[in-house]
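Below is the file structure-v4.txt, which contains compact mmCIF, C-alpha atoms.
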```
# COMPACT_ATOMS: atom_id res chain seq x y z
CA MET A 160 -91.06 -225.49 90.61
CA SER A 161 -89.22 -228.80 90.05
CA GLU A 162 -85.52 -229.00 90.86
CA ASP A 163 -83.08 -228.73 87.96
CA LEU A 164 -81.16 -231.99 88.34
CA SER A 165 -78.68 -231.00 85.64
CA ALA A 166 -77.29 -228.30 87.95
CA ARG A 167 -77.16 -230.44 91.09
CA PRO A 168 -73.83 -232.10 91.92
CA VAL A 169 -73.76 -235.89 91.69
CA ARG A 170 -73.13 -237.26 95.18
CA VAL A 171 -70.37 -239.88 95.29
CA GLY A 172 -69.29 -242.47 97.83
CA LEU A 173 -65.89 -244.15 97.52
CA ILE A 174 -65.62 -247.85 98.37
CA GLY A 175 -62.05 -248.91 99.11
CA LEU A 176 -58.92 -246.82 99.60
CA ARG A 177 -56.13 -249.44 99.43
CA HIS A 178 -55.41 -248.41 95.88
CA LEU A 179 -53.09 -245.98 94.11
CA HIS A 180 -55.88 -243.95 92.52
CA PRO A 181 -58.53 -242.69 95.02
CA ARG A 182 -56.61 -239.55 95.99
CA ALA A 183 -55.90 -238.74 92.36
CA TYR A 184 -59.57 -239.18 91.56
CA MET A 185 -60.51 -236.67 94.25
CA ALA A 186 -58.61 -234.04 92.27
CA ALA A 187 -60.24 -235.23 89.03
CA PHE A 188 -63.75 -235.02 90.51
CA ARG A 189 -62.98 -231.47 91.65
CA ALA A 190 -61.54 -230.44 88.27
CA ALA A 191 -64.45 -231.96 86.34
CA GLY A 192 -67.03 -230.00 88.32
CA GLY A 193 -70.55 -231.13 89.17
CA TRP A 194 -69.46 -233.83 91.61
CA GLN A 195 -69.62 -234.01 95.41
CA VAL A 196 -67.64 -236.78 97.07
CA CYS A 197 -69.38 -237.02 100.42
CA ALA A 198 -68.20 -240.30 101.96
CA ALA A 199 -65.55 -243.00 101.85
CA ALA A 200 -65.49 -246.56 103.15
CA GLU A 201 -62.34 -248.51 104.03
CA ALA A 202 -61.64 -251.27 106.55
CA ASP A 203 -58.15 -249.93 107.30
CA ALA A 204 -58.95 -247.37 110.02
CA GLU A 205 -55.65 -245.50 109.77
CA LEU A 206 -55.93 -245.12 106.00
CA LEU A 207 -59.59 -244.12 106.28
CA ASP A 208 -58.99 -241.51 108.98
CA ALA A 209 -56.22 -239.84 106.99
CA PHE A 210 -58.34 -239.73 103.85
CA ALA A 211 -61.43 -238.40 105.66
CA ARG A 212 -59.35 -235.73 107.37
CA ASP A 213 -57.63 -234.62 104.16
CA PHE A 214 -60.79 -234.45 102.07
CA GLN A 215 -63.46 -233.71 104.68
CA VAL A 216 -65.73 -236.65 103.87
CA ALA A 217 -67.77 -238.95 106.10
CA ALA A 218 -65.87 -242.10 107.07
CA TYR A 219 -67.14 -245.68 107.25
CA GLN A 220 -65.20 -248.87 107.88
CA ASP A 221 -68.00 -250.94 106.33
CA TRP A 222 -69.14 -249.93 102.86
CA ARG A 223 -72.52 -251.56 103.41
CA ARG A 224 -73.21 -249.16 106.25
CA MET A 225 -72.16 -246.26 104.04
CA LEU A 226 -74.76 -247.33 101.48
CA GLU A 227 -77.40 -247.40 104.22
CA GLN A 228 -76.49 -244.06 105.79
CA GLU A 229 -75.48 -241.84 102.86
CA GLN A 230 -77.64 -240.44 100.07
CA ILE A 231 -75.27 -241.11 97.16
CA GLU A 232 -75.94 -241.49 93.46
CA LEU A 233 -72.65 -242.98 92.30
CA ALA A 234 -70.47 -245.54 94.05
CA ALA A 235 -66.82 -245.40 92.95
CA ILE A 236 -65.22 -248.75 93.76
CA PHE A 237 -61.47 -249.16 94.37
CA LEU A 238 -61.45 -252.49 96.20
CA PRO A 239 -59.13 -255.41 95.44
CA HIS A 240 -60.33 -256.66 92.06
CA ALA A 241 -61.75 -259.90 93.47
CA GLU A 242 -64.02 -257.93 95.82
CA CYS A 243 -65.34 -255.43 93.27
CA PRO A 244 -68.20 -257.48 91.77
CA GLU A 245 -69.90 -258.13 95.12
CA ALA A 246 -69.89 -254.44 95.95
CA ALA A 247 -71.02 -253.51 92.43
CA VAL A 248 -73.99 -255.89 92.64
CA ALA A 249 -75.00 -254.53 96.06
CA CYS A 250 -74.83 -250.94 94.78
CA ALA A 251 -76.80 -251.75 91.63
CA GLU A 252 -79.50 -253.47 93.65
CA ARG A 253 -79.87 -250.24 95.64
CA GLY A 254 -80.39 -248.33 92.41
CA LEU A 255 -76.98 -246.64 92.48
CA HIS A 256 -74.83 -245.97 89.46
CA VAL A 257 -71.42 -247.63 89.72
CA MET A 258 -67.92 -246.81 88.53
CA VAL A 259 -65.47 -249.66 89.13
CA GLU A 260 -61.75 -249.08 88.66
CA LYS A 261 -60.47 -251.28 85.85
CA PRO A 262 -60.25 -254.19 85.32
CA MET A 263 -63.48 -254.33 87.42
CA ALA A 264 -63.02 -257.90 88.70
CA ALA A 265 -60.54 -260.73 89.10
CA ASN A 266 -62.35 -262.87 86.53
CA SER A 267 -64.98 -262.51 83.82
CA ARG A 268 -67.47 -264.84 85.53
CA ASP A 269 -67.87 -262.55 88.55
CA LEU A 270 -67.96 -259.43 86.42
CA ALA A 271 -70.70 -260.92 84.23
CA ARG A 272 -72.89 -261.18 87.35
CA ALA A 273 -72.35 -257.51 88.07
CA VAL A 274 -73.18 -256.62 84.47
CA GLN A 275 -76.44 -258.53 84.73
CA ALA A 276 -77.29 -256.87 88.06
CA ALA A 277 -76.80 -253.41 86.55
CA ARG A 278 -79.00 -254.33 83.59
CA ARG A 279 -81.78 -255.55 85.86
CA ALA A 280 -81.61 -252.39 87.95
CA GLY A 281 -81.36 -250.06 84.97
CA VAL A 282 -78.28 -248.29 86.33
CA ILE A 283 -74.93 -247.38 84.82
CA LEU A 284 -71.99 -249.70 85.43
CA THR A 285 -68.80 -248.35 83.94
CA ALA A 286 -65.01 -248.56 84.14
CA PRO A 287 -62.70 -245.55 83.72
CA TYR A 288 -60.91 -246.61 80.55
CA VAL A 289 -59.97 -242.97 80.27
CA TRP A 290 -57.63 -243.32 77.28
CA ARG A 291 -60.67 -243.25 74.99
CA CYS A 292 -61.13 -239.63 76.10
CA HIS A 293 -57.62 -238.45 75.26
CA PRO A 294 -57.54 -235.80 72.49
CA VAL A 295 -54.75 -237.66 70.68
CA VAL A 296 -56.68 -240.94 70.75
CA ARG A 297 -59.79 -239.22 69.44
CA GLN A 298 -57.74 -237.84 66.55
CA MET A 299 -56.32 -241.31 65.91
CA LYS A 300 -59.86 -242.67 65.70
CA ARG A 301 -60.83 -239.95 63.22
CA PHE A 302 -57.84 -240.89 61.08
CA VAL A 303 -58.78 -244.58 61.17
CA GLU A 304 -62.39 -243.79 60.25
CA SER A 305 -61.32 -241.43 57.43
CA GLY A 306 -59.47 -244.27 55.69
CA ILE A 307 -56.06 -242.56 55.46
CA LEU A 308 -54.46 -245.71 56.92
CA GLY A 309 -56.16 -247.98 54.45
CA GLN A 310 -56.76 -251.43 55.90
CA VAL A 311 -55.26 -251.54 59.41
CA VAL A 312 -53.09 -254.65 59.46
CA GLY A 313 -51.09 -254.18 62.65
CA CYS A 314 -51.19 -252.42 66.02
CA GLU A 315 -48.59 -252.12 68.73
CA GLY A 316 -49.19 -251.25 72.37
CA ARG A 317 -46.45 -250.96 74.98
CA CYS A 318 -47.06 -250.16 78.63
CA ALA A 319 -44.28 -250.50 81.18
CA ALA A 320 -45.47 -248.59 84.21
CA GLY A 321 -43.16 -248.83 87.17
CA ARG A 322 -41.86 -251.54 89.44
CA VAL A 323 -44.02 -253.43 91.93
CA HIS A 324 -42.69 -251.53 94.95
CA ARG A 325 -45.13 -248.74 94.12
CA TYR A 326 -48.02 -251.02 95.07
CA ILE A 327 -46.38 -252.02 98.33
CA GLU A 328 -45.60 -248.40 99.23
CA GLY A 329 -49.09 -247.36 98.15
CA LYS A 330 -50.75 -249.86 100.53
CA ALA A 331 -52.02 -251.90 97.60
CA ALA A 332 -49.83 -254.99 97.98
CA TRP A 333 -52.86 -257.13 97.11
CA MET A 334 -52.06 -256.23 93.49
CA LEU A 335 -49.25 -258.80 93.71
CA GLU A 336 -51.58 -261.66 94.74
CA ARG A 337 -53.30 -263.19 91.76
CA ARG A 338 -56.29 -264.45 93.75
CA LEU A 339 -57.10 -260.83 94.64
CA SER A 340 -55.88 -258.98 91.56
CA GLY A 341 -56.64 -261.51 88.84
CA GLY A 342 -53.15 -261.20 87.40
CA GLY A 343 -50.16 -258.96 86.87
CA PRO A 344 -49.44 -256.16 84.42
CA MET A 345 -51.51 -257.60 81.56
CA PHE A 346 -54.57 -257.85 83.79
CA ASN A 347 -54.05 -254.48 85.46
CA LEU A 348 -52.51 -252.38 82.67
CA GLY A 349 -52.81 -254.32 79.43
CA VAL A 350 -56.59 -254.09 79.58
CA HIS A 351 -56.21 -250.35 78.82
CA TRP A 352 -54.68 -251.11 75.42
CA ILE A 353 -57.00 -254.06 74.79
CA ASP A 354 -59.98 -251.77 75.30
CA LEU A 355 -58.42 -248.98 73.26
CA PHE A 356 -57.64 -251.12 70.21
CA ARG A 357 -61.16 -252.59 70.31
CA TRP A 358 -62.55 -249.06 70.35
CA LEU A 359 -60.24 -247.68 67.66
CA LEU A 360 -60.83 -250.60 65.30
CA GLU A 361 -64.48 -251.23 66.23
CA ASP A 362 -63.59 -254.91 66.12
CA GLU A 363 -63.25 -257.86 68.49
CA VAL A 364 -60.29 -260.05 69.40
CA VAL A 365 -60.91 -263.62 68.28
CA GLU A 366 -57.55 -265.29 68.94
CA VAL A 367 -54.51 -264.76 71.17
CA THR A 368 -51.04 -266.23 71.55
CA ALA A 369 -49.00 -265.17 74.55
CA LYS A 370 -45.91 -265.59 76.70
CA ASN A 371 -45.44 -264.39 80.27
CA VAL A 372 -42.06 -263.78 81.91
CA LYS A 373 -41.58 -263.98 85.68
CA VAL A 374 -38.56 -262.43 87.40
CA ASN A 375 -39.34 -262.06 91.10
CA PRO A 376 -40.34 -265.24 93.00
CA ALA A 377 -41.72 -263.22 95.93
CA TYR A 378 -45.17 -262.91 94.31
CA ASP A 379 -47.33 -265.04 92.02
CA ILE A 380 -48.00 -262.65 89.15
CA GLU A 381 -45.97 -262.18 85.99
CA ASP A 382 -43.51 -259.30 85.62
CA ASN A 383 -43.85 -259.09 81.84
CA SER A 384 -46.56 -260.23 79.46
CA PHE A 385 -46.32 -260.40 75.67
CA ALA A 386 -49.24 -261.22 73.41
CA LEU A 387 -50.39 -261.27 69.80
CA ALA A 388 -54.11 -260.60 69.57
CA VAL A 389 -55.89 -261.25 66.26
CA PHE A 390 -59.05 -259.29 65.50
CA ALA A 391 -62.01 -260.61 63.51
CA ARG A 392 -61.12 -258.53 60.42
CA GLY A 393 -57.52 -259.72 60.50
CA THR A 394 -55.68 -256.93 62.33
CA VAL A 395 -52.91 -258.24 64.60
CA ALA A 396 -52.10 -256.30 67.78
CA ALA A 397 -48.78 -256.83 69.55
CA LEU A 398 -48.92 -256.12 73.30
CA ASP A 399 -45.84 -255.60 75.50
CA ILE A 400 -46.97 -255.00 79.08
CA SER A 401 -44.78 -255.01 82.17
CA TYR A 402 -43.87 -253.80 85.65
CA THR A 403 -40.14 -253.65 84.84
CA VAL A 404 -39.47 -250.13 83.57
CA PRO A 405 -36.34 -248.74 85.31
CA ASP A 406 -36.98 -246.37 88.20
CA ALA A 407 -34.97 -243.73 86.33
CA TYR A 408 -37.22 -243.86 83.26
CA PRO A 409 -38.83 -240.46 82.45
CA HIS A 410 -42.18 -240.12 84.24
CA GLY A 411 -41.82 -243.73 85.43
CA ARG A 412 -43.64 -245.06 82.36
CA ASP A 413 -42.73 -246.34 78.91
CA LEU A 414 -45.86 -245.97 76.78
CA TYR A 415 -46.39 -246.40 73.04
CA LEU A 416 -49.34 -246.79 70.68
CA GLY A 417 -49.00 -247.47 66.97
CA LEU A 418 -51.26 -248.45 64.08
CA ARG A 419 -50.04 -249.53 60.66
CA GLY A 420 -52.24 -249.85 57.59
CA THR A 421 -51.86 -250.52 53.89
CA ARG A 422 -51.70 -246.76 53.21
CA GLY A 423 -50.48 -245.13 56.40
CA VAL A 424 -49.07 -245.20 59.92
CA LEU A 425 -49.90 -243.55 63.25
CA ALA A 426 -47.37 -243.49 66.11
CA TRP A 427 -47.60 -241.91 69.56
CA SER A 428 -45.53 -242.11 72.76
CA PRO A 429 -47.92 -240.73 75.41
CA SER A 430 -46.77 -238.85 78.48
CA PHE A 431 -49.97 -239.89 80.34
CA GLU A 432 -50.70 -236.68 82.28
CA GLY A 433 -48.58 -234.35 80.17
CA VAL A 434 -49.66 -231.09 78.55
CA ARG A 435 -47.84 -231.43 75.22
CA GLU A 436 -48.23 -234.48 73.00
CA LYS A 437 -46.98 -235.35 69.51
CA LEU A 438 -48.70 -237.70 67.06
CA PHE A 439 -46.73 -238.86 64.01
CA VAL A 440 -48.80 -239.45 60.88
CA CYS A 441 -47.61 -240.84 57.55
CA SER A 442 -50.01 -241.60 54.71
CA ASP A 443 -50.13 -242.16 50.95
CA ALA A 444 -53.72 -240.89 50.87
CA ALA A 445 -54.47 -238.15 48.35
CA GLU A 446 -55.31 -235.61 51.05
CA PHE A 447 -51.78 -236.07 52.45
CA ALA A 448 -50.04 -235.58 49.08
CA TRP A 449 -48.73 -232.11 49.97
CA ALA A 450 -47.20 -233.40 53.25
CA PRO A 451 -47.26 -237.21 53.54
CA ARG A 452 -45.31 -237.14 56.83
CA ARG A 453 -46.61 -234.93 59.62
CA GLU A 454 -46.12 -234.31 63.30
CA ILE A 455 -49.30 -233.07 64.94
CA PHE A 456 -48.83 -231.33 68.28
CA PHE A 457 -51.47 -231.14 70.99
CA GLU A 458 -51.28 -228.42 73.64
CA LEU A 459 -53.37 -229.66 76.55
CA GLU A 460 -54.67 -227.95 79.63
CA ALA A 461 -52.75 -228.71 82.82
CA VAL A 462 -55.34 -230.53 84.93
CA GLU A 463 -54.82 -232.17 88.31
CA GLY A 464 -56.14 -235.62 88.96
CA TYR A 465 -55.97 -239.13 87.56
CA GLY A 466 -55.29 -239.08 83.83
CA GLY A 467 -55.21 -235.30 83.56
CA VAL A 468 -57.41 -234.03 80.72
CA MET A 469 -58.65 -237.48 79.73
CA GLY A 470 -59.65 -238.37 83.30
CA VAL A 471 -61.62 -235.15 83.67
CA ASP A 472 -63.32 -235.60 80.28
CA TYR A 473 -64.33 -239.14 81.26
CA LEU A 474 -65.93 -237.86 84.47
CA ARG A 475 -67.73 -235.08 82.64
CA ALA A 476 -69.15 -237.59 80.16
CA LEU A 477 -70.16 -239.90 83.01
CA ARG A 478 -71.96 -237.10 84.81
CA GLN A 479 -73.81 -236.22 81.60
CA ALA A 480 -74.90 -239.86 81.23
CA ILE A 481 -76.17 -239.96 84.82
CA ARG A 482 -78.12 -236.72 84.49
CA THR A 483 -79.59 -237.40 81.02
CA GLY A 484 -80.03 -241.17 81.11
CA GLY A 485 -77.71 -241.55 78.13
CA PRO A 486 -74.98 -244.14 77.60
CA PRO A 487 -71.83 -243.93 79.74
CA PRO A 488 -68.45 -243.13 78.17
CA VAL A 489 -67.45 -246.78 78.64
CA ALA A 490 -70.00 -249.58 79.00
CA ALA A 491 -69.68 -252.43 81.48
CA GLU A 492 -69.73 -254.85 78.55
CA ASP A 493 -66.51 -253.24 77.29
CA GLY A 494 -64.86 -253.93 80.64
CA LEU A 495 -66.09 -257.51 80.48
CA ARG A 496 -64.69 -258.04 77.02
CA ALA A 497 -61.29 -256.65 78.05
CA ILE A 498 -61.11 -259.17 80.91
CA GLU A 499 -62.12 -262.02 78.61
CA VAL A 500 -59.23 -261.17 76.29
CA ALA A 501 -56.80 -260.89 79.24
CA GLU A 502 -57.96 -264.29 80.54
CA ALA A 503 -57.34 -265.83 77.11
CA ILE A 504 -53.84 -264.31 77.14
CA TYR A 505 -53.10 -265.97 80.49
CA GLU A 506 -54.49 -269.28 79.26
CA SER A 507 -52.25 -269.13 76.20
CA ALA A 508 -49.20 -268.23 78.28
CA GLU A 509 -49.86 -271.08 80.70
CA THR A 510 -50.64 -273.76 78.10
CA GLY A 511 -48.34 -272.69 75.29
CA ARG A 512 -51.26 -272.85 72.86
CA THR A 513 -53.15 -270.32 70.80
CA VAL A 514 -56.53 -269.62 72.39
CA ARG A 515 -59.66 -268.68 70.48
CA LEU A 516 -62.34 -266.50 72.04
CA GLY A 517 -66.05 -267.11 71.68
CA SER A 518 -68.64 -264.53 70.74
CA LYS A 519 -69.83 -261.90 73.21
CA LYS A 520 -72.94 -263.95 73.85
CA ASP A 521 -70.88 -267.10 74.47
CA GLN A 522 -68.70 -265.18 76.92
CA GLY A 523 -71.60 -263.61 78.80
CA GLY A 524 -71.08 -260.12 77.43
CA ALA A 525 -74.42 -259.72 75.70
CA GLY A 526 -76.51 -262.77 76.46
CA GLU A 527 -79.31 -263.19 78.98
CA GLU A 528 -79.04 -265.02 82.25
```

Starting from the coordinates I provided, produce the structure as structure tokens.
Amino acid sequence: MSEDLSARPVRVGLIGLRHLHPRAYMAAFRAAGGWQVCAAAEADAELLDAFARDFQVAAYQDWRRMLEQEQIELAAIFLPHAECPEAAVACAERGLHVMVEKPMAANSRDLARAVQAARRAGVILTAPYVWRCHPVVRQMKRFVESGILGQVVGCEGRCAAGRVHRYIEGKAAWMLERRLSGGGPMFNLGVHWIDLFRWLLEDEVVEVTAKNVKVNPAYDIEDNSFALAVFARGTVAALDISYTVPDAYPHGRDLYLGLRGTRGVLAWSPSFEGVREKLFVCSDAAEFAWAPRREIFFELEAVEGYGGVMGVDYLRALRQAIRTGGPPPVAAEDGLRAIEVAEAIYESAETGRTVRLGSKKDQGGAGEE
């Protein structure tokens, strides 16, 4: 009798631990079920030993040796962004599925090579843009698709997520070096909202105008990044992304998502891993006539791990894609497009000019080598 692959845990190897998220993902893998993290690779011996001891996984200082020695199906990569594409290509060439922590690379050129390698190998390459899986976001998308907002003319995304000392204390100081990280908060955090607005609107950014603000001269990334991103159908998204939220701010994050249309508005201040969320909806649509202004509350399950419920749902969807051969919850091309938009934002901030983006094919997102 043939083995039922759908019931077998997906074996995972982690590549890189000098990041804030690997430990949180261990809890998410456990909560999602159907995963077995069996090995981890990290050049920092002290960091590796502590992780292997805490989670009872095989330890390797060289990720290449881990790939040779371990029978894994998914490589989860948490390396400095500049090093992610090389590892992703090597994993794809071995026939492994790959999850790369966003933004997946330090530049779009290197990521495009990884995308092509995954296509050639016929494996999944994905990034955990977990916000797509949040119940509130899914409801927002249903509202957009239903037409209660009318034509969406404006979006607003704010993400201020803690000062830079958290990267230093978390042994991820490379985040503050642009050659390794690719950039500051816009490159590391803003890509979440870039991806989310693309997904909500089912549209592409074609033009950006931006301004970066630098406060601390000790590192070469921006502290704050502000951008106006124009979509092909005319929607304008305002992005306010930074590392300068006060330490005393609730939950250490200031998050906001809003959409405004010709007939309605959606507004949400997420709590990230919270269990109770509130979405404000206002619409002139006929189906809202009895109550044009509403607060919709979401009672969520308390789940440990990165992203809470949305992180676990992402991993469940990824496991389903691996076992069935279906599409992943987020495609590699989506990660590539988010980086392309972020790069245009940096170009605009550095030149003082509005920057237009080419088509996906021009940017390497959908073309052939």

Inset, instruction - Determine, counting all atoms listed in the file, every residue of protein, DNA or RNA that lies within 12 Å of (-49.1, -268.6, 79.1) in the file coordinates, then give the result as number ranges by chain. - result: A: 342, 345, 367-373, 380-381, 383-387, 501-514

Inset, instruction - Give as a ChimeraX atom specification the set of residues within 8 Å of the point (-67.5, -250.1, 99.1), where distances use the file's coordinates and only C-alpha atoms. - result: /A:172-175,199-201,221-223,225,234-238,246

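Compared by their closest atoms to Phe457 (chain A), and using all atoms listed in the file, the residues A:Pro181, A:Pro239, A:Gly433, A:Gly316 rank with A:Gly433 nearest.
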
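Here CA of Asp399 (chain A) and CA of Gly349 (chain A) stand 8.1 Å from one another.
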
Legend entry - d(CA of Ser340 (chain A), CA of Gly466 (chain A)) in Å: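 Atom-to-atom, CA of Ser340 (chain A) to CA of Gly466 (chain A), that is 21.4 Å.
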
Inset, instruction - Would you work out the distance separating CA of Leu339 (chain A) from CA of Ala202 (chain A), expressed in Å to one decimal? - result: 15.9 Å

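The closest residue to Gln195 (chain A), picked from A:Arg337, A:Arg478, A:His256, A:Cys292 and counting all atoms listed in the file, is A:Arg478.
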
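For the choices A:Ala209, A:Leu270, A:Ala264, A:Ala320, the atom-to-atom distance to Ala407 (chain A) is smallest for A:Ala320 when using only C-alpha atoms.
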
What are the closest atom pairs, with distances in Å to one decimal, for all residues of region 392-492 of chain A lying within 8 Å of region 303-310 of chain A? Consider all atoms listed in the file, order rows by chain and residue number, and present the result as a Markdown table.
```
| residue | atom | partner | partner_atom | distance |
| --- | --- | --- | --- | --- |
| A:Arg419 | CA | A:Leu308 | CA | 6.9 |
| A:Gly420 | CA | A:Leu308 | CA | 4.7 |
| A:Thr421 | CA | A:Gly309 | CA | 5.0 |
| A:Arg422 | CA | A:Leu308 | CA | 4.7 |
| A:Gly423 | CA | A:Leu308 | CA | 4.1 |
| A:Val424 | CA | A:Leu308 | CA | 6.2 |
| A:Ser442 | CA | A:Ile307 | CA | 6.2 |
| A:Asp443 | CA | A:Ile307 | CA | 7.5 |
| A:Ala444 | CA | A:Ile307 | CA | 5.4 |
```

Legend entry - Nearest to Val311 (chain A), chosen from A:Gly254, A:Pro262, A:Gly417, A:Pro405, with only C-alpha atoms counted in the distances: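 Result for the nearest residue to Val311 (chain A): A:Gly417.
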
Legend entry - For Pro409 (chain A): contacts at 12 Å, all atoms listed in the file, fewer than 2 positions along chain excluded, given as a PyMOL selection string: chain A and resi 319-321+404-407+411-414+428-431+433

Selection file, C-alpha atoms, as a PDB file, in the frame of the given file:
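File produced: result27.pdb:
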```pdb
ATOM      1  CA  ALA A 319     -44.280-250.500  81.180  1.00  0.00           C
ATOM      2  CA  ALA A 320     -45.470-248.590  84.210  1.00  0.00           C
ATOM      3  CA  GLY A 321     -43.160-248.830  87.170  1.00  0.00           C
ATOM      4  CA  VAL A 404     -39.470-250.130  83.570  1.00  0.00           C
ATOM      5  CA  PRO A 405     -36.340-248.740  85.310  1.00  0.00           C
ATOM      6  CA  ASP A 406     -36.980-246.370  88.200  1.00  0.00           C
ATOM      7  CA  ALA A 407     -34.970-243.730  86.330  1.00  0.00           C
ATOM      8  CA  GLY A 411     -41.820-243.730  85.430  1.00  0.00           C
ATOM      9  CA  ARG A 412     -43.640-245.060  82.360  1.00  0.00           C
ATOM     10  CA  ASP A 413     -42.730-246.340  78.910  1.00  0.00           C
ATOM     11  CA  LEU A 414     -45.860-245.970  76.780  1.00  0.00           C
ATOM     12  CA  SER A 428     -45.530-242.110  72.760  1.00  0.00           C
ATOM     13  CA  PRO A 429     -47.920-240.730  75.410  1.00  0.00           C
ATOM     14  CA  SER A 430     -46.770-238.850  78.480  1.00  0.00           C
ATOM     15  CA  PHE A 431     -49.970-239.890  80.340  1.00  0.00           C
ATOM     16  CA  GLY A 433     -48.580-234.350  80.170  1.00  0.00           C
TER      17      GLY A 433
END
```

Legend entry - Shell of 10 Å around Ala273 (chain A), all atoms listed in the file, local chain residues under 3 positions omitted, as a list of chain:residue names: A:Cys243, A:Pro244, A:Glu245, A:Ala246, A:Ala247, A:Val248, A:Ala249, A:Cys250, A:Ala251, A:Glu252, A:Met263, A:Ala264, A:Ser267, A:Arg268, A:Asp269, A:Leu270, A:Ala276, A:Ala277, A:Arg278, A:Arg279, A:Leu284, A:Ala491, A:Leu495

Legend entry - Within 12 Å of Ala211 (chain A) using all atoms listed in the file, minus same-chain residues under 3 positions, as a ChimeraX atom specification: /A:172-173,176,181-182,185,196-201,204-208,214-220

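When all atoms listed in the file are used to measure the gap to Arg392 (chain A), the shortest distance among A:Gly467, A:Pro294, A:Gly484, A:Gly313 belongs to A:Gly313.
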
To box region 250-258 of chain A, take all atoms listed in the file, fit an axis-aligned box, add 6 Å on each side, and give centre and edge lengths in Å to one decimal, as lines of an AutoDock Vina configuration file.
```
center_x = -74.2
center_y = -249.7
center_z = 92.1
size_x = 24.5
size_y = 19.5
size_z = 19.1
```

Legend entry - Best match for closeness to Asn375 (chain A) among A:Phe346, A:Tyr288, A:Phe210, A:Tyr402, counting only C-alpha atoms: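 The closest residue to Asn375 (chain A) is A:Tyr402.
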
Inset, instruction - With a distance cut-off of 10 Å and all atoms listed in the file, select the neighbouring residues of Asp354 (chain A), excluding the residue or stretch itself and same-chain residues fewer than 2 positions from it, and output the selection as a list in words. - result: Tyr288, Trp290, Arg291, Gly349, Val350, His351, Trp352, Phe356, Arg357, Trp358, Leu359, Glu363, Val489, Asp493, Gly494, Leu495, Arg496, Ala497, Ile498 and Val500 of chain A

Completion step: region 305-318 of chain A with N, CA and C atoms as a PDB file, in the coordinates of the input:
```
ATOM      1  N   SER A 305     -61.410-242.151  58.700  1.00  0.00           N
ATOM      2  CA  SER A 305     -61.320-241.430  57.430  1.00  0.00           C
ATOM      3  C   SER A 305     -60.742-242.289  56.308  1.00  0.00           C
ATOM      4  N   GLY A 306     -60.049-243.381  56.684  1.00  0.00           N
ATOM      5  CA  GLY A 306     -59.470-244.270  55.690  1.00  0.00           C
ATOM      6  C   GLY A 306     -58.054-243.931  55.269  1.00  0.00           C
ATOM      7  N   ILE A 307     -57.406-242.937  55.900  1.00  0.00           N
ATOM      8  CA  ILE A 307     -56.060-242.560  55.460  1.00  0.00           C
ATOM      9  C   ILE A 307     -55.030-243.643  55.761  1.00  0.00           C
ATOM     10  N   LEU A 308     -55.371-244.595  56.646  1.00  0.00           N
ATOM     11  CA  LEU A 308     -54.460-245.710  56.920  1.00  0.00           C
ATOM     12  C   LEU A 308     -54.696-246.874  55.983  1.00  0.00           C
ATOM     13  N   GLY A 309     -55.777-246.825  55.237  1.00  0.00           N
ATOM     14  CA  GLY A 309     -56.160-247.980  54.450  1.00  0.00           C
ATOM     15  C   GLY A 309     -56.666-249.071  55.376  1.00  0.00           C
ATOM     16  N   GLN A 310     -56.399-250.312  55.029  1.00  0.00           N
ATOM     17  CA  GLN A 310     -56.760-251.430  55.900  1.00  0.00           C
ATOM     18  C   GLN A 310     -55.728-251.517  57.023  1.00  0.00           C
ATOM     19  N   VAL A 311     -56.180-251.447  58.270  1.00  0.00           N
ATOM     20  CA  VAL A 311     -55.260-251.540  59.410  1.00  0.00           C
ATOM     21  C   VAL A 311     -54.850-253.000  59.575  1.00  0.00           C
ATOM     22  N   VAL A 312     -53.573-253.268  59.396  1.00  0.00           N
ATOM     23  CA  VAL A 312     -53.090-254.650  59.460  1.00  0.00           C
ATOM     24  C   VAL A 312     -52.370-254.959  60.756  1.00  0.00           C
ATOM     25  N   GLY A 313     -51.837-253.929  61.422  1.00  0.00           N
ATOM     26  CA  GLY A 313     -51.090-254.180  62.650  1.00  0.00           C
ATOM     27  C   GLY A 313     -51.214-253.043  63.634  1.00  0.00           C
ATOM     28  N   CYS A 314     -51.197-253.393  64.922  1.00  0.00           N
ATOM     29  CA  CYS A 314     -51.190-252.420  66.020  1.00  0.00           C
ATOM     30  C   CYS A 314     -50.102-252.821  67.001  1.00  0.00           C
ATOM     31  N   GLU A 315     -49.572-251.845  67.691  1.00  0.00           N
ATOM     32  CA  GLU A 315     -48.590-252.120  68.730  1.00  0.00           C
ATOM     33  C   GLU A 315     -48.913-251.299  69.961  1.00  0.00           C
ATOM     34  N   GLY A 316     -48.950-251.950  71.116  1.00  0.00           N
ATOM     35  CA  GLY A 316     -49.190-251.250  72.370  1.00  0.00           C
ATOM     36  C   GLY A 316     -48.165-251.664  73.402  1.00  0.00           C
ATOM     37  N   ARG A 317     -47.454-250.682  73.940  1.00  0.00           N
ATOM     38  CA  ARG A 317     -46.450-250.960  74.980  1.00  0.00           C
ATOM     39  C   ARG A 317     -46.817-250.163  76.228  1.00  0.00           C
ATOM     40  N   CYS A 318     -46.791-250.824  77.364  1.00  0.00           N
ATOM     41  CA  CYS A 318     -47.060-250.160  78.630  1.00  0.00           C
ATOM     42  C   CYS A 318     -46.207-250.784  79.712  1.00  0.00           C
TER      43      CYS A 318
END
```
